[in-house]
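What follows is a set of notes on a single structure, which appears directly below.
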Amino acid sequence: MEKKGFIGKLKILSKPAGNPQWKKAAKSIILMFLAALIAKMIGFDNGLRAVLFITLIATIIIDLPLPIRKIIPLALAGFLMTFLAFVSSSLALSSLPVFLFFTVVWAFFSLSLYIFNENAGLFGFMIFTGYFMSVLLVNNYVSPLNWGLYIVLAYLVASILLIPKFIHDKDDILKMVASPYDPQTSLEKVLRTRQALSGVPLSKRNYELFRIGTYLNGFRSFGELILSRLSGESKDIFSRFMETASQSSSEISRSISNHEKEFDLKPIDEEIVKLQESTDDRSMNAVLDVAHNIRSFFRRVKELLAEEETSSITMKIKSPRDSLQEVLKANFNLHNMYIRHALRFTLAMTLGLLAVYLTHERSAIWITMGILIIIKPDVTSTFNNMISRVSYNFIAILLAIVLGFIFPHQILVWIAIIMLFFFRAFYPTYISLSVIAMTVFVVLIWPGGTVFENAVARIIDISIGAIIAFICAYLILPSRITVDLPGQIARTIRANQEYVKAVIPTEEMFYDHETAVKYFRKYSLEEKNLESAIKKVDDTFNDVGDDVSLFNKIGTANHKLAADISTLPALIESGATLPDISRFKEHLIDALNELALSVDKNVVLPRANIDGYYGSDGRQVNLENYLDWIISDVKFLQEAVEIGHQTGALKKYRDMT
C-alpha cells in the first residue's frame with residue numbers, strides 16, 4: 001500500500017459533500033443587506049458589521065434541512081448564545097480578568113459539546129465563532145443594550161426564512177419521508193434523516209412509508225453487496241433486477257413528494273419472473289429472498305399511496321433518550337478525546353484572543369483566526385487541516401492579488417460581496433471553495449493597507465496560526481492515534497452485542513434505562529473510533545477506494561443496527577409491553593459474537609442464522625417489524641464481512657500510526 005503524498009491528501013480534503021447551495025446563498029445575502037439597510041435607517045450605524053455577521057449566522061441556522069419544530073428551538077438557542085456572547089464581550093471591556101474568565105468559559109463550554117454528538121459539537125463551534133466575532137467587534141462606544149438590539153434586529157430579519165418553512169413544512173417533511181426511496185440516498189443519509197424526523201408528529205401513512213423506505217434502502221444496499229459477489233449470467237440477471245428496482249424506487253420517491261397515488265409495478269414483476277426461472281443456478285437462491293422482500297415493500301407502498309388518509313392519529317419516530325448525567329459521567333474526563341481537545345482549544349484561543357484584546361492588531365486577529373479554523377481533536381486531523389487551509393488560503397491570496405491589480409477599489413467591493421455569496425453557497429458542502437471565497441472577501445474588505453499588503457499579511461499570519469495549532473495539538477494532551485481497523489470493527493460489533501444484552505429484557509433481566517444509556521454511550525464511543533479509523537485509511541493510502549467503501553458500509557450497518565436496537569427501549573419507555581423474545585436475543589448475541597470473532601481473528605466462520613423471532617413458548621411475535629430490521633442488519637454485516645475476507649481487506653490496516 002502506497003501512502004498518500006501532499007497532493008493526495010489535498011484531493012481527499014477537497015472532496016465535496018454535496019451540491020452548492022445557490023438558493024440559500026441568495027437568501028442569506030438578500031437578508032443581510034435588508035438587515036443592514038434597516039440598521040442604517042434606525043441609526044444603528046455603529047453596529048452595521050455586527051448586524052451583517054449575525055444575520056449570516058442566523059440564516060445558516062434557520063435554513064438547516066430540518067422540520068420547523070426543530071428549527072425554532074435551534075434558532076432560539078442560537079439567538080440566546082449570540083446575545084450572551086456579545087454581552088460577555090461588552091462586560092469584559094471593564095477588566096482583563098473578566099475577559100479571561102469569559103473566554104475560558106466560552107471556549108471550553110462550546111467545544112465540550114462534542115461529547116454529545118457531532119451535530120452538537122458543530123453547533124458549539126458556531127457558538128464560539130460568535131464569541132470570537134464579538135471580541136473583534138465590541139467596543140466602548142456602544143452600550144451592552146445596543147449590542148443586544150443589534151442581535152435582535154439580525155435574528156428578526158433572518159426569521160423571515162421561517163415563513164416559507166411554515167408554509168412548506170408538510171411538503172418538506174414529505175420530501176424527507178420520500179428520501180430513502182431515492183437510489184442516490186445512502187443508508188447513512190437515511191439514518192440522519194431518521195434522526196431529524198425523530199419526535200416529529202407524522203401521519204400513520206407517512207410514518208409507515210418512511211419505515212418501509214428505511215428498510216428498503218437497507219435491502220438495496222444488501223443486494224448491492226450480493227451483486228458484487230456474483231459472476232456470469234447470474235450477475236447479469238440480478239443486475240437487471242436491481243436496475244429495475246432502482247427505477248421503481250425513484251418513481252415511488254417522486255410519487256410521495258408530489259402527492260401522487262400511482263406507480264407501475266409491472267417491470268419489477270417481470271424481473272422477478274426471470275429471477276425465478278433461473279433458480280436452477282444455486283447462486284441465485286441467495287438473491288431470491290432479497291428480491292421478494294423488495295417487491296413486497298413496493299406492493300405495500302402502492303397500497304399505502306392508494307389509501308385515503310382519514311385518521312387524525314399521528315405517530316413519532318422514536319429515539320433513545322440520553323441521560324445528561326450518564327453522558328457527563330461517561331465522557332467528562334481526560335480519557336475522552338473531545339475533552340482533551342476542549343482543553344487544548346481553550347488554552348490556544350485564550351492566548352490568541354488575549355493578544356487581540358490587548359492590541360487589536362491585524363496580525364493578532366488573523367493568527368488567532370488561523371488557530372480557530374485549523375486546530376482539530378487529534379494530531380493527524382490538525383496536520384491535514386493545516387495542509388488544506390494554508391493551501392486554500394495561498395490560492396485565495398494569489399486570486400486576491402490578481403483582482404487587486406486588475407480592478408479599481410469600487411469594483412473590488414462588489415467582488416467582495418460576490419465572494420461572500422460564494423462562501424455561503426459552498427458552505428458546508430465545498431469546504432475548499434468556501435475557504436477560498438472567505439479569504440478573498442476578508443482581504444478585499446479589510447480596512448487599511450493595499451490588497452497586496454493584506455494578502456501577504458494574511459498568508460503569513462494564517463501560516464503562523466497553523467503552526468501554533470499544530471504545536472498545541474502535538475504537545476498539549478496529545479491524541480495520537482494508532483489504528484487497528486479490523487480490531488476496531490470487532491470492538492464496534494461487540495459494543496452492539498453488549499447493547500443487545502442490556503436492552504432486550506428476559507424473564508431473568510428487566511430493562512433498566514440507566515444501564516441501556518450506559519451501553520449505548522459505550523457503543524457510540526466505539527462508533528466514533530471506527531469513523532476515525534476509516535478516515536485515517538482514506539487519508540493515508542492511495543488506491544484504497546474499494547476497501548474504504550466496504551468499511552463505510554460495515555460502519556453504517558453497525559450504526560443502523562444500534563439505531564434499530566434502540567427502538568426496543570423506546571417502545572418500553574413509551575409504555576409498551578414487550579413479549580418474551582429470549583430466543584431471539586440468544587440468536588442475535590451468538591450471531592454478533594461470531595461476527596466479531598471472525599473479523600478480529602481474520603477467520604471465516606459459518607453464518608449464525610436468525611431464522612425468526614419466537615418467544616419461549618415457540619409462538620412467533622410481532623413488534624411492528626422492528627425485529628425484521630435487526631435481522632436484516634445482521635445479514636448485511638455478515639455479507640460485508642465475507643466480502644472483506646474474500647478481498648483481503650480485513651487482513652490489512654491492523655497497525656497504522
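So you can find residues: chains in the C-alpha cells are A, B, ... in the order shown, residues in each start at 1, and ligands are numbered from 1 in order.
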### Query
Just asking: which residues within region 87-210 of chain A are alpha helix (DSSP H) according to DSSP, as an NGL selection string?
:A and (87-92 or 96-112 or 118-137 or 144-158 or 162-167 or 169-178 or 187-197 or 204-210)
Set the distance at 6 Å and use only C-alpha atoms: which residues neighbour region 403-418 of chain A once local chain neighbours fewer than 3 positions away are removed? I'd like the list as a short mmCIF file (atom, residue, chain, number, x, y, z; two decimals) with N, CA, C and O atoms, in the first residue's frame.
data_model
loop_
_atom_site.label_atom_id
_atom_site.label_comp_id
_atom_site.auth_asym_id
_atom_site.auth_seq_id
_atom_site.Cartn_x
_atom_site.Cartn_y
_atom_site.Cartn_z
N ALA A 400 -6.71 37.08 -4.96
CA ALA A 400 -6.98 38.44 -4.48
C ALA A 400 -5.98 39.44 -5.04
O ALA A 400 -6.34 40.57 -5.41
N PHE A 421 -21.14 35.71 -1.19
CA PHE A 421 -22.19 34.86 -1.74
C PHE A 421 -21.65 33.45 -2.02
O PHE A 421 -22.29 32.45 -1.68
N PHE A 441 -12.69 37.50 0.33
CA PHE A 441 -13.59 38.51 0.89
C PHE A 441 -12.87 39.31 1.98
O PHE A 441 -12.91 40.55 1.98
N VAL A 451 -4.45 45.86 -1.19
CA VAL A 451 -4.83 44.45 -1.36
C VAL A 451 -3.59 43.56 -1.25
O VAL A 451 -3.61 42.51 -0.61
#
### Query
Which residue gives the smallest distance to Pro144 (chain A) among A:Ile212, A:Leu111, A:Ala469, A:Ala92, with only C-alpha atoms counted?
A:Ala92
### Query
Near Lys40 (chain A), within 12 Å and counting only C-alpha atoms, which residues show up once chain neighbours fewer than 4 positions away are dropped, as a PyMOL selection string?
chain A and resi 33-36+44-49+51-52+150+153
#### Entry: Atomic separation - CA of Ile256 (chain A) relative to CA of Asp628 (chain A), Å
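Distance reported for this atom pair: 23.8 Å.
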### Task
Work out how far apart CA of Arg654 (chain A) and CA of Ala533 (chain A) are and give it in Å to one decimal.
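One can read the CA of Arg654 (chain A) to CA of Ala533 (chain A) distance as 10.3 Å.
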### Residue nearest Thr567 (chain A) among A:Thr359, A:Ser198, A:Ser95, A:Ser231 (counting only C-alpha atoms)
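Of the candidates, the smallest distance to Thr567 (chain A) is held by A:Ser198.
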